[in-house]
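Coordinates from final_28.pdb are shown below (PDB, C-alpha atoms and all ligand atoms).
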```
ATOM      1  CA  MET N   1      93.392 111.052  27.786
ATOM      2  CA  HIS N   2      95.861 108.259  26.978
ATOM      3  CA  PHE N   3      97.392 106.027  29.652
ATOM      4  CA  ALA N   4     100.402 103.723  29.445
ATOM      5  CA  PRO N   5      99.392 100.035  29.248
ATOM      6  CA  GLU N   6     101.797  99.359  32.156
ATOM      7  CA  LEU N   7      99.814 101.795  34.279
ATOM      8  CA  LEU N   8      96.489 100.135  33.462
ATOM      9  CA  ASP N   9      98.009  96.693  34.150
ATOM     10  CA  ALA N  10      99.374  97.741  37.522
ATOM     11  CA  LEU N  11      95.975  99.097  38.462
ATOM     12  CA  ARG N  12      94.134  95.998  37.278
ATOM     13  CA  GLN N  13      96.433  93.684  39.216
ATOM     14  CA  ALA N  14      96.537  95.697  42.445
ATOM     15  CA  ARG N  15      95.096  93.969  45.497
ATOM     16  CA  VAL N  16      95.893  96.775  47.931
ATOM     17  CA  ILE N  17      95.526 100.401  46.842
ATOM     18  CA  ALA N  18      96.369 103.498  48.872
ATOM     19  CA  VAL N  19      95.086 106.896  47.761
ATOM     20  CA  PHE N  20      96.981 109.755  49.365
ATOM     21  CA  THR N  21      95.221 113.086  48.809
ATOM     22  CA  GLY N  22      95.667 116.794  49.438
ATOM     23  CA  ALA N  23      93.757 120.021  48.975
ATOM     24  CA  GLY N  24      93.909 119.810  45.158
ATOM     25  CA  VAL N  25      91.375 116.967  45.224
ATOM     26  CA  SER N  26      88.806 119.313  46.757
ATOM     27  CA  ALA N  27      89.690 122.343  44.588
ATOM     28  CA  GLU N  28      87.073 121.392  42.014
ATOM     29  CA  SER N  29      84.502 121.258  44.822
ATOM     30  CA  GLY N  30      85.148 124.939  45.466
ATOM     31  CA  VAL N  31      87.336 124.447  48.544
ATOM     32  CA  PRO N  32      90.405 126.676  48.149
ATOM     33  CA  THR N  33      93.829 125.045  48.409
ATOM     34  CA  PHE N  34      96.487 126.357  50.774
ATOM     35  CA  ARG N  35      99.390 127.285  48.549
ATOM     36  CA  ASP N  36      97.904 128.252  45.198
ATOM     37  CA  ALA N  37      97.237 131.927  44.519
ATOM     38  CA  GLN N  38      95.221 132.794  47.593
ATOM     39  CA  THR N  39      92.141 134.776  46.836
ATOM     40  CA  GLY N  40      89.390 136.486  48.762
ATOM     41  CA  LEU N  41      89.088 137.425  52.365
ATOM     42  CA  TRP N  42      92.070 135.472  53.626
ATOM     43  CA  ALA N  43      94.519 136.345  50.887
ATOM     44  CA  ARG N  44      96.797 138.157  53.308
ATOM     45  CA  TYR N  45      97.243 135.186  55.593
ATOM     46  CA  ARG N  46      99.209 132.007  54.977
ATOM     47  CA  ALA N  47      98.352 128.645  56.558
ATOM     48  CA  GLU N  48     101.699 128.820  58.339
ATOM     49  CA  GLU N  49     100.486 131.977  60.137
ATOM     50  CA  LEU N  50      97.072 130.666  61.178
ATOM     51  CA  ALA N  51      97.364 126.904  61.603
ATOM     52  CA  THR N  52      99.677 126.909  64.625
ATOM     53  CA  PRO N  53      99.118 126.669  68.381
ATOM     54  CA  ALA N  54     101.070 129.925  68.831
ATOM     55  CA  ALA N  55      98.810 131.804  66.388
ATOM     56  CA  PHE N  56      95.756 130.520  68.201
ATOM     57  CA  ARG N  57      97.048 131.545  71.632
ATOM     58  CA  ARG N  58      98.006 134.982  70.290
ATOM     59  CA  ASP N  59      94.776 135.691  68.428
ATOM     60  CA  PRO N  60      92.076 133.030  68.836
ATOM     61  CA  GLN N  61      89.417 135.323  67.319
ATOM     62  CA  THR N  62      91.180 135.568  63.966
ATOM     63  CA  VAL N  63      92.002 131.869  63.830
ATOM     64  CA  TRP N  64      88.401 130.940  64.705
ATOM     65  CA  LYS N  65      87.103 133.344  62.019
ATOM     66  CA  TRP N  66      89.288 131.591  59.459
ATOM     67  CA  TYR N  67      87.926 128.189  60.482
ATOM     68  CA  GLU N  68      84.318 129.414  60.539
ATOM     69  CA  TRP N  69      84.783 130.794  57.012
ATOM     70  CA  ARG N  70      86.208 127.479  55.829
ATOM     71  CA  ARG N  71      83.511 125.480  57.605
ATOM     72  CA  ASP N  72      80.889 127.506  55.743
ATOM     73  CA  LEU N  73      82.559 126.700  52.431
ATOM     74  CA  MET N  74      82.940 123.026  53.269
ATOM     75  CA  ARG N  75      79.459 122.550  54.678
ATOM     76  CA  ASN N  76      77.931 123.202  51.257
ATOM     77  CA  ALA N  77      80.689 121.607  49.203
ATOM     78  CA  LEU N  78      79.851 118.482  47.215
ATOM     79  CA  PRO N  79      82.177 115.666  46.190
ATOM     80  CA  ASN N  80      83.526 116.194  42.657
ATOM     81  CA  PRO N  81      84.325 113.583  39.975
ATOM     82  CA  ALA N  82      87.733 112.938  41.583
ATOM     83  CA  HIS N  83      86.244 111.991  44.970
ATOM     84  CA  LEU N  84      83.633 109.851  43.206
ATOM     85  CA  ALA N  85      86.190 108.056  41.032
ATOM     86  CA  ILE N  86      88.316 107.328  44.109
ATOM     87  CA  ALA N  87      85.275 105.915  45.913
ATOM     88  CA  SER N  88      84.463 103.762  42.870
ATOM     89  CA  LEU N  89      87.882 102.072  43.152
ATOM     90  CA  GLU N  90      86.345  99.912  45.871
ATOM     91  CA  LYS N  91      84.152  98.252  43.229
ATOM     92  CA  THR N  92      87.256  96.630  41.719
ATOM     93  CA  GLY N  93      87.460  94.357  44.756
ATOM     94  CA  ALA N  94      90.840  95.738  45.807
ATOM     95  CA  GLU N  95      91.404  96.760  49.408
ATOM     96  CA  VAL N  96      91.285 100.566  49.129
ATOM     97  CA  THR N  97      92.332 103.042  51.809
ATOM     98  CA  VAL N  98      92.170 106.800  51.405
ATOM     99  CA  LEU N  99      94.922 108.619  53.300
ATOM    100  CA  THR N 100      93.832 112.227  53.255
ATOM    101  CA  GLN N 101      95.402 115.430  54.494
ATOM    102  CA  ASN N 102      92.046 117.140  53.937
ATOM    103  CA  VAL N 103      89.800 118.019  56.846
ATOM    104  CA  ASP N 104      86.626 118.572  54.776
ATOM    105  CA  GLY N 105      85.085 115.078  54.953
ATOM    106  CA  LEU N 106      84.404 114.971  51.185
ATOM    107  CA  HIS N 107      85.886 111.490  50.641
ATOM    108  CA  ARG N 108      83.335 110.014  53.042
ATOM    109  CA  LYS N 109      80.553 112.077  51.457
ATOM    110  CA  ALA N 110      81.590 110.538  48.120
ATOM    111  CA  GLY N 111      81.237 107.023  49.542
ATOM    112  CA  SER N 112      84.793 105.970  50.385
ATOM    113  CA  THR N 113      84.496 103.609  53.352
ATOM    114  CA  ASP N 114      88.064 103.477  54.675
ATOM    115  CA  VAL N 115      89.277 107.054  55.139
ATOM    116  CA  VAL N 116      92.277 107.891  57.317
ATOM    117  CA  GLU N 117      92.364 111.585  58.279
ATOM    118  CA  LEU N 118      96.000 112.516  58.775
ATOM    119  CA  HIS N 119      95.326 116.158  59.685
ATOM    120  CA  GLY N 120      92.116 115.665  61.657
ATOM    121  CA  ASN N 121      88.611 116.847  60.944
ATOM    122  CA  ILE N 122      87.371 120.412  60.804
ATOM    123  CA  TRP N 123      84.008 119.552  62.384
ATOM    124  CA  ASP N 124      85.435 118.279  65.683
ATOM    125  CA  ASP N 125      86.190 120.727  68.480
ATOM    126  CA  LEU N 126      88.483 119.943  71.368
ATOM    127  CA  CYS N 127      89.790 121.764  74.414
ATOM    128  CA  LEU N 128      93.150 123.493  74.006
ATOM    129  CA  GLU N 129      94.000 122.705  77.646
ATOM    130  CA  CYS N 130      92.533 119.288  78.573
ATOM    131  CA  ARG N 131      91.815 118.015  75.019
ATOM    132  CA  ALA N 132      88.277 116.950  75.986
ATOM    133  CA  PRO N 133      85.952 116.962  72.965
ATOM    134  CA  GLY N 134      83.758 120.049  72.823
ATOM    135  CA  ASP N 135      80.081 119.863  72.076
ATOM    136  CA  GLY N 136      78.495 121.949  69.342
ATOM    137  CA  ASP N 137      76.637 124.016  71.926
ATOM    138  CA  ALA N 138      79.629 125.058  74.025
ATOM    139  CA  PRO N 139      79.269 128.112  76.280
ATOM    140  CA  ARG N 140      80.825 131.313  74.898
ATOM    141  CA  ASP N 141      82.977 133.744  76.840
ATOM    142  CA  GLY N 142      82.787 137.560  76.730
ATOM    143  CA  ALA N 143      84.777 137.587  73.486
ATOM    144  CA  GLY N 144      82.350 135.120  71.893
ATOM    145  CA  LEU N 145      84.848 132.248  71.987
ATOM    146  CA  PRO N 146      83.676 128.692  72.762
ATOM    147  CA  ARG N 147      84.836 127.285  76.119
ATOM    148  CA  CYS N 148      85.357 123.774  77.517
ATOM    149  CA  THR N 149      82.601 122.633  79.884
ATOM    150  CA  HIS N 150      85.147 120.613  81.927
ATOM    151  CA  CYS N 151      87.977 123.072  82.566
ATOM    152  CA  GLY N 152      86.947 126.384  81.007
ATOM    153  CA  GLY N 153      89.800 126.244  78.475
ATOM    154  CA  LEU N 154      89.410 127.563  74.935
ATOM    155  CA  LEU N 155      87.937 125.164  72.423
ATOM    156  CA  ARG N 156      89.833 124.784  69.163
ATOM    157  CA  PRO N 157      89.156 122.935  65.907
ATOM    158  CA  GLY N 158      90.220 119.278  65.975
ATOM    159  CA  VAL N 159      92.775 119.598  63.205
ATOM    160  CA  VAL N 160      96.544 119.122  63.223
ATOM    161  CA  TRP N 161      98.505 122.359  63.317
ATOM    162  CA  PHE N 162     102.172 122.951  62.499
ATOM    163  CA  GLY N 163     104.383 121.660  65.306
ATOM    164  CA  GLU N 164     101.768 119.126  66.421
ATOM    165  CA  SER N 165     102.007 115.368  65.968
ATOM    166  CA  LEU N 166      99.707 113.560  63.592
ATOM    167  CA  PRO N 167      97.117 111.258  65.231
ATOM    168  CA  GLU N 168      99.177 108.201  66.081
ATOM    169  CA  GLN N 169      96.885 105.507  64.723
ATOM    170  CA  ALA N 170      96.316 107.401  61.490
ATOM    171  CA  TRP N 171     100.032 107.857  60.972
ATOM    172  CA  GLN N 172     100.757 104.212  61.714
ATOM    173  CA  ARG N 173      98.225 103.058  59.148
ATOM    174  CA  ALA N 174      99.627 105.457  56.548
ATOM    175  CA  ALA N 175     103.209 104.344  57.100
ATOM    176  CA  GLU N 176     102.154 100.699  56.996
ATOM    177  CA  LEU N 177     100.262 101.173  53.722
ATOM    178  CA  ALA N 178     103.185 102.980  52.113
ATOM    179  CA  GLY N 179     105.086  99.722  52.520
ATOM    180  CA  LYS N 180     102.202  97.440  51.635
ATOM    181  CA  ALA N 181     100.002  98.932  48.910
ATOM    182  CA  ASP N 182     100.616  97.594  45.400
ATOM    183  CA  VAL N 183      99.567 100.950  43.965
ATOM    184  CA  PHE N 184     100.059 104.224  45.812
ATOM    185  CA  PHE N 185      98.259 107.265  44.370
ATOM    186  CA  CYS N 186      99.463 110.762  45.308
ATOM    187  CA  ILE N 187      96.797 113.250  44.236
ATOM    188  CA  GLY N 188      96.494 117.031  44.552
ATOM    189  CA  THR N 189      99.129 117.766  47.154
ATOM    190  CA  SER N 190     102.067 120.161  46.920
ATOM    191  CA  SER N 191     103.990 117.647  49.064
ATOM    192  CA  LEU N 192     105.592 120.397  51.112
ATOM    193  CA  VAL N 193     104.193 119.526  54.538
ATOM    194  CA  GLU N 194     105.920 116.772  56.469
ATOM    195  CA  PRO N 195     105.665 114.058  57.617
ATOM    196  CA  ALA N 196     102.781 113.246  55.233
ATOM    197  CA  ALA N 197     104.718 114.507  52.199
ATOM    198  CA  SER N 198     107.215 111.681  52.550
ATOM    199  CA  LEU N 199     104.658 108.884  52.212
ATOM    200  CA  PRO N 200     104.978 108.631  48.399
ATOM    201  CA  LEU N 201     108.768 108.384  48.797
ATOM    202  CA  GLN N 202     108.356 105.574  51.308
ATOM    203  CA  ALA N 203     106.090 103.773  48.832
ATOM    204  CA  HIS N 204     108.629 104.331  46.056
ATOM    205  CA  ASP N 205     111.471 103.055  48.250
ATOM    206  CA  SER N 206     109.405  99.931  48.983
ATOM    207  CA  GLY N 207     109.226  99.279  45.249
ATOM    208  CA  LYS N 208     105.548 100.171  44.890
ATOM    209  CA  THR N 209     103.855 101.682  41.862
ATOM    210  CA  VAL N 210     103.432 105.383  42.650
ATOM    211  CA  ILE N 211     100.960 107.354  40.528
ATOM    212  CA  GLN N 212     101.219 111.108  40.812
ATOM    213  CA  VAL N 213      98.211 113.267  39.773
ATOM    214  CA  ASN N 214      98.632 117.047  39.736
ATOM    215  CA  PRO N 215      98.339 119.851  37.175
ATOM    216  CA  GLU N 216     101.677 121.206  38.448
ATOM    217  CA  ALA N 217     105.091 119.591  38.829
ATOM    218  CA  THR N 218     105.961 118.417  42.350
ATOM    219  CA  ARG N 219     109.062 117.024  43.956
ATOM    220  CA  HIS N 220     107.657 113.499  43.624
ATOM    221  CA  ASP N 221     107.536 113.556  39.831
ATOM    222  CA  ALA N 222     111.098 112.296  39.548
ATOM    223  CA  SER N 223     110.479 109.197  41.667
ATOM    224  CA  ALA N 224     106.879 108.475  40.631
ATOM    225  CA  SER N 225     106.261 105.458  38.396
ATOM    226  CA  PHE N 226     103.651 107.464  36.433
ATOM    227  CA  VAL N 227     102.870 111.171  36.360
ATOM    228  CA  LEU N 228      99.407 112.301  35.265
ATOM    229  CA  ARG N 229      99.733 116.025  34.653
ATOM    230  CA  GLY N 230      96.163 117.259  34.970
ATOM    231  CA  LYS N 231      93.281 118.054  37.252
ATOM    232  CA  ALA N 232      92.141 115.227  39.485
ATOM    233  CA  GLY N 233      88.510 115.716  38.449
ATOM    234  CA  ALA N 234      89.424 114.920  34.842
ATOM    235  CA  ALA N 235      92.315 112.466  35.238
ATOM    236  CA  MET N 236      90.799 110.138  37.842
ATOM    237  CA  PRO N 237      87.461 109.430  36.102
ATOM    238  CA  ALA N 238      89.321 108.977  32.785
ATOM    239  CA  LEU N 239      91.774 106.529  34.338
ATOM    240  CA  LEU N 240      89.122 104.466  36.101
ATOM    241  CA  ARG N 241      86.592 104.407  33.312
TER     242      ARG N 241
HETATM  243  C1  LIG N 301      95.303 120.140  42.099
HETATM  244  C2  LIG N 301      94.164 120.711  41.566
HETATM  245  C3  LIG N 301      93.254 119.851  40.911
HETATM  246  C4  LIG N 301      95.300 122.275  42.508
HETATM  247  N1  LIG N 301      93.537 118.538  40.844
HETATM  248  N2  LIG N 301      95.554 118.853  42.022
HETATM  249  C5  LIG N 301     110.755 118.003  58.024
HETATM  250  C6  LIG N 301     111.352 118.990  57.271
HETATM  251  C7  LIG N 301     110.920 120.312  57.395
HETATM  252  C8  LIG N 301     109.881 120.673  58.250
HETATM  253  C9  LIG N 301     109.276 119.683  58.985
HETATM  254  C10 LIG N 301     109.718 118.373  58.874
HETATM  255  N3  LIG N 301     108.962 117.607  59.697
HETATM  256  C11 LIG N 301     108.053 118.412  60.287
HETATM  257  C12 LIG N 301     108.233 119.679  59.893
HETATM  258  C13 LIG N 301     107.415 120.849  60.339
HETATM  259  C14 LIG N 301     106.096 120.951  59.636
HETATM  260  C15 LIG N 301     106.319 121.105  58.147
HETATM  261  O1  LIG N 301     106.166 120.189  57.373
HETATM  262  N4  LIG N 301     106.626 122.304  57.686
HETATM  263  C16 LIG N 301     106.819 122.573  56.258
HETATM  264  C17 LIG N 301     105.978 123.775  55.860
HETATM  265  C18 LIG N 301     108.257 122.739  55.959
HETATM  266  N5  LIG N 301     105.210 119.812  59.916
HETATM  267  C19 LIG N 301     104.521 119.718  61.048
HETATM  268  O2  LIG N 301     104.610 120.554  61.922
HETATM  269  C20 LIG N 301     103.635 118.509  61.211
HETATM  270  N6  LIG N 301     103.833 117.887  62.472
HETATM  271  C21 LIG N 301     104.940 117.237  62.788
HETATM  272  O3  LIG N 301     105.859 117.121  62.029
HETATM  273  O4  LIG N 301     104.931 116.677  64.053
HETATM  274  C22 LIG N 301     106.158 116.227  64.619
HETATM  275  C23 LIG N 301     106.729 117.443  65.315
HETATM  276  C24 LIG N 301     106.167 117.854  66.485
HETATM  277  C25 LIG N 301     106.700 118.942  67.143
HETATM  278  C26 LIG N 301     107.756 119.643  66.580
HETATM  279  C27 LIG N 301     108.305 119.238  65.376
HETATM  280  C28 LIG N 301     107.779 118.112  64.726
HETATM  281  C29 LIG N 301     102.160 118.904  61.191
HETATM  282  C30 LIG N 301     101.721 119.461  59.898
HETATM  283  C31 LIG N 301     100.260 119.895  59.985
HETATM  284  C32 LIG N 301      99.776 120.595  58.723
HETATM  285  N7  LIG N 301      98.500 121.173  58.964
HETATM  286  C33 LIG N 301      97.779 121.813  57.872
HETATM  287  C34 LIG N 301      96.533 122.507  58.454
HETATM  288  C35 LIG N 301      95.510 121.443  58.828
HETATM  289  C36 LIG N 301      94.285 122.033  59.427
HETATM  290  C37 LIG N 301      93.521 122.893  58.487
HETATM  291  O5  LIG N 301      93.075 122.451  57.409
HETATM  292  O6  LIG N 301      93.347 124.048  58.836
HETATM  293  O7  LIG N 301      97.402 120.846  56.895
HETATM  294  S1  LIG N 301      98.751 122.967  56.917
HETATM  295  C38 LIG N 301      98.024 122.578  55.370
HETATM  296  O8  LIG N 301      99.025 121.972  54.499
HETATM  297  C39 LIG N 301      97.007 121.470  55.654
HETATM  298  C40 LIG N 301      97.217 120.558  54.486
HETATM  299  O9  LIG N 301      96.699 119.273  54.790
HETATM  300  C41 LIG N 301      98.695 120.598  54.292
HETATM  301  C42 LIG N 301      99.160 120.130  52.951
HETATM  302  O10 LIG N 301      98.688 120.956  51.949
HETATM  303  P1  LIG N 301      98.253 120.336  50.549
HETATM  304  O11 LIG N 301      97.092 119.460  50.726
HETATM  305  O12 LIG N 301      99.426 119.754  49.879
HETATM  306  O13 LIG N 301      97.714 121.644  49.775
HETATM  307  P2  LIG N 301      98.530 122.728  48.933
HETATM  308  O14 LIG N 301      97.662 123.922  48.818
HETATM  309  O15 LIG N 301      99.883 122.930  49.449
HETATM  310  O16 LIG N 301      98.704 122.069  47.499
HETATM  311  C43 LIG N 301      97.608 121.898  46.623
HETATM  312  C44 LIG N 301      98.086 121.086  45.443
HETATM  313  O17 LIG N 301      96.954 120.753  44.656
HETATM  314  C45 LIG N 301      99.065 121.819  44.525
HETATM  315  O18 LIG N 301     100.150 120.957  44.234
HETATM  316  C46 LIG N 301      98.243 122.090  43.260
HETATM  317  O19 LIG N 301      99.021 122.052  42.089
HETATM  318  C47 LIG N 301      97.274 120.938  43.298
HETATM  319  N8  LIG N 301      96.007 121.156  42.602
HETATM  320  N9  LIG N 301      94.158 122.061  41.756
HETATM  321  C48 LIG N 301      94.682 118.088  41.351
HETATM  322  N10 LIG N 301      92.091 120.336  40.334
HETATM  323 ZN    ZN N 302      89.134 121.480  78.938
END
```
Kindly transcribe the structure held in the file into structure tokens.
Ligand code: BJW
Ligand code: ZN
Amino acid sequence: MHFAPELLDALRQARVIAVFTGAGVSAESGVPTFRDAQTGLWARYRAEELATPAAFRRDPQTVWKWYEWRRDLMRNALPNPAHLAIASLEKTGAEVTVLTQNVDGLHRKAGSTDVVELHGNIWDDLCLECRAPGDGDAPRDGAGLPRCTHCGGLLRPGVVWFGESLPEQAWQRAAELAGKADVFFCIGTSSLVEPAASLPLQAHDSGKTVIQVNPEATRHDASASFVLRGKAGAAMPALLR
């Protein structure tokens, strides 16, 4: 793979690097993405029909089954060469922050030390009513659903659903880095889900070097400083070699 000298220079000179990631970064770890050809058991559902508070209130069994299925996949998933290359960026001495939309925890497994989870974490449970954290051993009701030990409300996964705000601190850090990072990577995201999808545009508008990595075209290609059209697991190790 050949890279423009300007790209390698920008990377070498960067003191602050932000790495914004989406489901495509975990695809090569066997974690299915949301909007590519959906396969398997959940092919007939779209994220927009499951990852909402209304869907959960209407049919908590189905939504929980979807999360249990994904937890099973993620539990055994291993970081791939993209996660590892991103973690290795820290060895350059730059200040590196990973801003991820993923809930699978694979960036931390790969060794990244500063990971901001914009859409939460699939392993945390919290109460739908009082938002108290649930413990792994929560009591189950007659339908087999986990319940809050404080108020009896339904427990839900600690992720961010459509219509919900992003965790405030996480969002603040992301917005701050979009204006501060010398190099802003945007890797493996369809960039359709706001407000996260606008971060690369904010970085571009602040005059930062935006590097887009995706096998498909996205709406950020036009504004990106560099577009690497390929899989993250190939492009990132090649770039950082
Ligand atoms: C590879 C690859 C390889 C494949 N290598 N790449 C402004 C305009 C319009 C709408 C809105 C707006 N502002 C807000 C909204 C509403 C909504 C929204 O954005 N809707 C859009 C669908 C239009 N946003 C929200 O509701 C957000 N909250 C919010 O705005 O709060 C304020 C508010 C409050 C109240 C009312 C109104 C506003 C919250 C969004 C939460 C998203 N949650 C999910 C689920 C998380 C939990 C879970 O995991 O179950 O987050 S949805 C899902 O999409 C998940 C992902 O993080 C997110 C993004 O998906 P991602 O990562 O981009 O994956 P894909 O599958 O889409 O793309 C994969 C990409 O990888 C592709 O490009 C492939 O090509 C690529 N790829 N192999 C590299 N090997
Ligand atoms: Zn509760």
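CA of Ser165 (chain N) sits 4.9 Å away from atom C24 of ligand LIG 301 (chain N).
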If the PyMOL selection byres (((chain N and resi 4-11) around 10) and not hetatm) is run on the structure shown, which residues does it catch, given as a ChimeraX atom specification? /N:2-3,12-17,89,92,94,182-184,208-211,225-226,239-240
Given 4 Å on each side, where is the centre and what are the edge lengths in Å to one decimal of the axis-aligned box enclosing the listed atoms of ligand LIG 301 (chain N), as lines of an AutoDock Vina configuration file?
```
center_x = 101.7
center_y = 120.1
center_z = 53.7
size_x = 27.3
size_y = 15.8
size_z = 34.8
```
Grab me every residue within 8 Å of ligand LIG 301 (chain N), counting all atoms listed in the file, and send it over as a PyMOL selection string. chain N and resi 21-28+32-36+47-48+50-51+67+100-104+118-122+159-166+187-197+213-218+230-233
Per residue of chain N within 6 Å of ligand ZN 302 (chain N), record the nearest atom pair and its distance in Å to one decimal, counting all atoms listed in the file, with rows in chain order and ascending residue number, as JSON lines.
```
{"residue": "N:Cys127", "atom": "CA", "partner": "N:ZN302", "partner_atom": "ZN", "distance": 4.6}
{"residue": "N:Glu129", "atom": "CA", "partner": "N:ZN302", "partner_atom": "ZN", "distance": 5.2}
{"residue": "N:Cys130", "atom": "CA", "partner": "N:ZN302", "partner_atom": "ZN", "distance": 4.1}
{"residue": "N:Arg131", "atom": "CA", "partner": "N:ZN302", "partner_atom": "ZN", "distance": 5.9}
{"residue": "N:Ala132", "atom": "CA", "partner": "N:ZN302", "partner_atom": "ZN", "distance": 5.5}
{"residue": "N:Cys148", "atom": "CA", "partner": "N:ZN302", "partner_atom": "ZN", "distance": 4.6}
{"residue": "N:His150", "atom": "CA", "partner": "N:ZN302", "partner_atom": "ZN", "distance": 5.1}
{"residue": "N:Cys151", "atom": "CA", "partner": "N:ZN302", "partner_atom": "ZN", "distance": 4.1}
{"residue": "N:Gly152", "atom": "CA", "partner": "N:ZN302", "partner_atom": "ZN", "distance": 5.8}
{"residue": "N:Gly153", "atom": "CA", "partner": "N:ZN302", "partner_atom": "ZN", "distance": 4.8}
```
Write out the residues from the selection above, keeping C-alpha atoms, as a PDB file, in the coordinates of the input.
```
ATOM      1  CA  CYS N 127      89.790 121.764  74.414  1.00  0.00           C
ATOM      2  CA  GLU N 129      94.000 122.705  77.646  1.00  0.00           C
ATOM      3  CA  CYS N 130      92.533 119.288  78.573  1.00  0.00           C
ATOM      4  CA  ARG N 131      91.815 118.015  75.019  1.00  0.00           C
ATOM      5  CA  ALA N 132      88.277 116.950  75.986  1.00  0.00           C
ATOM      6  CA  CYS N 148      85.357 123.774  77.517  1.00  0.00           C
ATOM      7  CA  HIS N 150      85.147 120.613  81.927  1.00  0.00           C
ATOM      8  CA  CYS N 151      87.977 123.072  82.566  1.00  0.00           C
ATOM      9  CA  GLY N 152      86.947 126.384  81.007  1.00  0.00           C
ATOM     10  CA  GLY N 153      89.800 126.244  78.475  1.00  0.00           C
TER      11      GLY N 153
END
```
Name the residues within 10 Å of (104.8, 107.3, 48.5), counting all atoms listed in the file in the file's coordinates, and put them as a ChimeraX atom specification. /N:18-20,174-175,177-179,181,183-186,196-212,220,223-224
So how many Å separate CA of Ala77 (chain N) and CA of Ser29 (chain N), to one decimal?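 Computing it gives 5.8 Å between the two atoms.
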Would you work out the distance separating CA of Ala43 (chain N) from CA of Val31 (chain N), expressed in Å to one decimal?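 Distance reported for this atom pair: 14.1 Å.
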The PyMOL selection byres (((chain N and resi 147) around 10) and not hetatm) - which residues does that actually catch in the file I just gave you? List them as a PyMOL selection string. chain N and resi 126-128+134-135+137-141+144-146+148-156
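Between Thr113 (chain N) and the residues N:Lys180, N:Arg241, N:Lys91, N:Lys65, the shortest atom-to-atom distance, using all atoms listed in the file, involves N:Lys91.
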For Leu84 (chain N), list every protein, DNA or RNA residue within 10 Å, evaluated using all atoms listed in the file, and leave out those in the same chain fewer than 2 positions away; present the list as a PyMOL selection string. chain N and resi 79-82+86-89+106-112+233+236-237
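Considering all atoms listed in the file, the residue among N:Glu95, N:Pro157, N:Trp69, N:Met74 positioned nearest to Pro53 (chain N) is N:Pro157.
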Counting all atoms listed in the file, the residue among N:Ala234, N:Leu99, N:Ala143, N:Leu228 that lies closest to Trp171 (chain N) is N:Leu99
Out of N:Pro167, N:Gly142, N:Gly30, N:Gly158, which residue has the shortest atom-to-atom distance to Arg75 (chain N) when counting all atoms listed in the file? N:Gly30
From the options N:Ala222, N:Asp124, N:Met1, N:Leu73, which residue's atoms come nearest to Ala238 (chain N), counting only C-alpha atoms? N:Met1
Dump C-alpha atoms of region 38-60 of chain N from the given block, as an mmCIF file, in the first residue's frame.
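Output file out28.cif is given in full below:
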```cif
data_model
loop_
_atom_site.group_PDB
_atom_site.id
_atom_site.type_symbol
_atom_site.label_atom_id
_atom_site.label_comp_id
_atom_site.auth_asym_id
_atom_site.auth_seq_id
_atom_site.Cartn_x
_atom_site.Cartn_y
_atom_site.Cartn_z
ATOM 1 C CA GLN N 38 -27.281 -8.044 7.706
ATOM 2 C CA THR N 39 -26.927 -11.756 8.000
ATOM 3 C CA GLY N 40 -28.035 -14.478 10.359
ATOM 4 C CA LEU N 41 -30.597 -14.525 13.077
ATOM 5 C CA TRP N 42 -31.214 -10.796 13.225
ATOM 6 C CA ALA N 43 -31.340 -10.095 9.516
ATOM 7 C CA ARG N 44 -34.962 -9.010 9.701
ATOM 8 C CA TYR N 45 -34.346 -6.324 12.281
ATOM 9 C CA ARG N 46 -32.603 -2.988 11.848
ATOM 10 C CA ALA N 47 -30.755 -1.183 14.652
ATOM 11 C CA GLU N 48 -33.322 1.594 14.328
ATOM 12 C CA GLU N 49 -36.039 -0.912 15.332
ATOM 13 C CA LEU N 50 -34.233 -2.424 18.317
ATOM 14 C CA ALA N 51 -31.945 0.246 19.751
ATOM 15 C CA THR N 52 -34.646 2.620 20.995
ATOM 16 C CA PRO N 53 -36.354 3.154 24.353
ATOM 17 C CA ALA N 54 -39.743 2.669 22.654
ATOM 18 C CA ALA N 55 -38.719 -0.725 21.223
ATOM 19 C CA PHE N 56 -37.521 -1.819 24.633
ATOM 20 C CA ARG N 57 -40.733 -0.762 26.381
ATOM 21 C CA ARG N 58 -42.813 -2.488 23.693
ATOM 22 C CA ASP N 59 -40.874 -5.748 23.601
ATOM 23 C CA PRO N 60 -38.066 -6.013 26.166
#
```
